[in-house]
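First up is the structure itself, then whatever we jot down about it.
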Amino acid sequence: MKILMVSWFFPPANTIGAVRMGRMARFLSQQGHDLKVLAAADLPFPKTLPLEIAEEQVVYARWSDVNALPDRLTDAAKAVLRPFLSSGKAPEGGSATEMANQASASSGASESPGALKRLRSALGGFYSNAVNLPDAQIGWMPHAVRKGRTLLSGWTPDVIYATAPPFTGLLIGYRLSKQFNVPLVTELRDRWVDDPYDPLPGGACGSTESSSDV
């Protein structure tokens with residue numbers, strides 16, 4: 001049987017999810033199946049886990065960190081405003097009122113860093129809930145779908161086996177399954193909700209709970 005495995009975690013990333021999926025890939029290959037794996041490249045884990053199948057069986061797709069944007073914007077804003085806040089001058093073209101407001105904001109920032117920290121945390125939470133759907137690995141999806149399309153254009157599996165978490169892997173499997181008319185098998189390795197080790201965004205968690213009650 002020709003099987004395409006879609007898994008975010010995979011060797012050489014040394015983490016428990018990669019250990020499990022790496023051994024599953026080894027088992028399926030040993031059983032004589034024509035297996036190929038679509039996995040994430042350069043995960044932030046030690047690259048010390050041995051790959052127990054042939055390298056040519058694995059296609060690694062890069063991913064984008066969707067949660068890096070708020071930090072980049074914050075750093076950029078600090079870099080732009082720092083000279084004006086430290087000198088007490090408004091940016092070019094700024095009014096006296098703007099300069100006064102900046103001075104007040106600068107003073108307030110030094111007096112109540114906790115308030116700014118709470119505000120940043122609240123804004124970060126809003127961004128996370130809006131963007132991390134179904135999870136923080138959604139930035140892997142466009143790259144993995146592109147790699148998957150290239151792979152399946154010359155090799156057609158009998159089944160696509162997508163494993164989660166992260167749930168983005170299921171969306172990738174679904175997209176490829178629909179486009180190439182290949183049956184999809186999904187696996188949920190952990191709990192959907194109430195998992196302290198892999199929390200879902202609030203909206204997704206609520207939607208999942210509502211669906212489970214039907």
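As shown in the structure tokens, the chain order sets the letters A, B, ...; within each chain, residues go from 1, and ligands are also counted from 1 in the order they appear.
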Neighbour list for stretch 32-37 of chain A as a VMD selection string, cut-off 7 Å, only C-alpha atoms, skip fewer than 6 positions in-chain: chain A and resid 1 to 6 57 to 59
Expected file contents, prior selection, all heavy atoms, as an mmCIF file, in the first residue's frame:
```cif
data_model
loop_
_atom_site.group_PDB
_atom_site.id
_atom_site.type_symbol
_atom_site.label_atom_id
_atom_site.label_comp_id
_atom_site.auth_asym_id
_atom_site.auth_seq_id
_atom_site.Cartn_x
_atom_site.Cartn_y
_atom_site.Cartn_z
ATOM 1 N N MET A 1 0.837 -1.199 0.000
ATOM 2 C CA MET A 1 0.000 0.000 0.000
ATOM 3 C C MET A 1 0.875 1.253 0.000
ATOM 4 O O MET A 1 1.891 1.314 0.699
ATOM 5 C CB MET A 1 -0.925 0.011 1.231
ATOM 6 C CG MET A 1 -1.808 1.265 1.334
ATOM 7 S SD MET A 1 -2.872 1.258 2.790
ATOM 8 C CE MET A 1 -4.034 -0.027 2.331
ATOM 9 N N LYS A 2 0.475 2.252 -0.755
ATOM 10 C CA LYS A 2 1.182 3.530 -0.769
ATOM 11 C C LYS A 2 0.557 4.451 0.278
ATOM 12 O O LYS A 2 -0.653 4.709 0.253
ATOM 13 C CB LYS A 2 1.092 4.180 -2.148
ATOM 14 C CG LYS A 2 1.787 3.404 -3.249
ATOM 15 C CD LYS A 2 1.650 4.130 -4.579
ATOM 16 C CE LYS A 2 2.353 3.389 -5.695
ATOM 17 N NZ LYS A 2 2.208 4.088 -7.003
ATOM 18 N N ILE A 3 1.387 4.922 1.201
ATOM 19 C CA ILE A 3 0.895 5.722 2.317
ATOM 20 C C ILE A 3 1.670 7.035 2.394
ATOM 21 O O ILE A 3 2.909 7.036 2.385
ATOM 22 C CB ILE A 3 1.057 4.971 3.653
ATOM 23 C CG1 ILE A 3 0.340 3.622 3.615
ATOM 24 C CG2 ILE A 3 0.532 5.821 4.814
ATOM 25 C CD1 ILE A 3 0.617 2.751 4.839
ATOM 26 N N LEU A 4 0.940 8.139 2.496
ATOM 27 C CA LEU A 4 1.560 9.427 2.790
ATOM 28 C C LEU A 4 1.255 9.780 4.236
ATOM 29 O O LEU A 4 0.090 9.937 4.608
ATOM 30 C CB LEU A 4 1.022 10.531 1.868
ATOM 31 C CG LEU A 4 1.489 11.952 2.229
ATOM 32 C CD1 LEU A 4 3.009 12.085 2.102
ATOM 33 C CD2 LEU A 4 0.773 12.992 1.377
ATOM 34 N N MET A 5 2.285 9.889 5.049
ATOM 35 C CA MET A 5 2.140 10.296 6.438
ATOM 36 C C MET A 5 2.393 11.796 6.543
ATOM 37 O O MET A 5 3.404 12.294 6.048
ATOM 38 C CB MET A 5 3.132 9.537 7.336
ATOM 39 C CG MET A 5 3.117 9.993 8.793
ATOM 40 S SD MET A 5 4.467 9.254 9.767
ATOM 41 C CE MET A 5 3.964 7.544 9.794
ATOM 42 N N VAL A 6 1.475 12.519 7.166
ATOM 43 C CA VAL A 6 1.641 13.950 7.403
ATOM 44 C C VAL A 6 1.818 14.163 8.898
ATOM 45 O O VAL A 6 0.894 13.915 9.680
ATOM 46 C CB VAL A 6 0.416 14.752 6.893
ATOM 47 C CG1 VAL A 6 0.621 16.247 7.145
ATOM 48 C CG2 VAL A 6 0.173 14.478 5.413
ATOM 49 N N GLN A 57 12.591 9.026 1.591
ATOM 50 C CA GLN A 57 11.181 8.822 1.904
ATOM 51 C C GLN A 57 10.556 10.024 2.604
ATOM 52 O O GLN A 57 9.336 10.090 2.762
ATOM 53 C CB GLN A 57 11.003 7.589 2.805
ATOM 54 C CG GLN A 57 11.279 6.263 2.137
ATOM 55 C CD GLN A 57 11.086 5.102 3.098
ATOM 56 O OE1 GLN A 57 12.054 4.480 3.548
ATOM 57 N NE2 GLN A 57 9.846 4.789 3.432
ATOM 58 N N VAL A 58 11.366 10.973 3.023
ATOM 59 C CA VAL A 58 10.874 12.095 3.820
ATOM 60 C C VAL A 58 10.999 13.399 3.033
ATOM 61 O O VAL A 58 12.051 13.704 2.466
ATOM 62 C CB VAL A 58 11.651 12.229 5.140
ATOM 63 C CG1 VAL A 58 10.989 13.278 6.035
ATOM 64 C CG2 VAL A 58 11.727 10.884 5.859
ATOM 65 N N VAL A 59 9.908 14.160 3.027
ATOM 66 C CA VAL A 59 9.898 15.498 2.438
ATOM 67 C C VAL A 59 9.674 16.490 3.572
ATOM 68 O O VAL A 59 8.649 16.429 4.264
ATOM 69 C CB VAL A 59 8.787 15.644 1.382
ATOM 70 C CG1 VAL A 59 8.714 17.075 0.869
ATOM 71 C CG2 VAL A 59 9.010 14.667 0.237
#
```
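The list of residues with at least one atom within 10 Å of A:Ala18, based on only C-alpha atoms and without residues fewer than 3 positions apart in the same chain, reads Ser7, Trp8, Phe9, Phe10, Pro11, Pro12, Ala13, Asn14, Thr15, Met21, Gly22, Arg23, Met24, Ala39, Leu49 and Leu51 of chain A.
For the residues A:Tyr161, A:Phe167, A:Phe180, A:Tyr127, ranking by smallest atom-to-atom distance to A:Ala68 using only C-alpha atoms places A:Tyr127 first.
When the distance limit is 9 Å and only C-alpha atoms are what count, the residues near A:Leu152, minus those fewer than 5 positions from it on the same chain, are Lys147, Pro157, Leu176 and Phe180 of chain A.
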Residues just named, written with all heavy atoms as a compact mmCIF listing (two decimals), in the first residue's frame:
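And here's selection_32.txt as it stands now:
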```
# COMPACT_ATOMS: atom_id res chain seq x y z
N LYS A 147 4.57 21.55 -0.94
CA LYS A 147 5.45 20.38 -1.06
C LYS A 147 4.66 19.12 -1.33
O LYS A 147 5.06 18.25 -2.12
CB LYS A 147 6.27 20.22 0.22
CG LYS A 147 7.36 21.25 0.43
CD LYS A 147 8.63 20.83 -0.28
CE LYS A 147 9.79 21.70 0.14
NZ LYS A 147 11.07 21.25 -0.47
N PRO A 157 -0.62 8.25 -3.50
CA PRO A 157 -0.80 7.28 -2.40
C PRO A 157 -2.20 6.67 -2.43
O PRO A 157 -3.14 7.23 -3.01
CB PRO A 157 -0.61 8.15 -1.15
CG PRO A 157 -1.04 9.51 -1.58
CD PRO A 157 -0.66 9.64 -3.02
N LEU A 176 -4.88 18.03 0.76
CA LEU A 176 -4.30 17.14 -0.23
C LEU A 176 -5.26 16.02 -0.61
O LEU A 176 -5.35 15.62 -1.78
CB LEU A 176 -2.99 16.55 0.29
CG LEU A 176 -1.86 17.57 0.54
CD1 LEU A 176 -0.67 16.88 1.20
CD2 LEU A 176 -1.43 18.22 -0.77
N PHE A 180 -6.46 15.61 -4.55
CA PHE A 180 -6.01 14.44 -5.30
C PHE A 180 -6.95 13.24 -5.17
O PHE A 180 -6.63 12.15 -5.63
CB PHE A 180 -4.60 14.06 -4.86
CG PHE A 180 -3.56 15.07 -5.26
CD1 PHE A 180 -3.22 16.11 -4.40
CD2 PHE A 180 -2.94 15.01 -6.50
CE1 PHE A 180 -2.27 17.07 -4.77
CE2 PHE A 180 -2.00 15.95 -6.87
CZ PHE A 180 -1.66 16.99 -6.00
```
Residues within 10 Å of A:Leu184, only C-alpha atoms, excluding chain neighbours under 3 positions, as a PyMOL selection string: chain A and resi 4+158-162+170+173-178+181
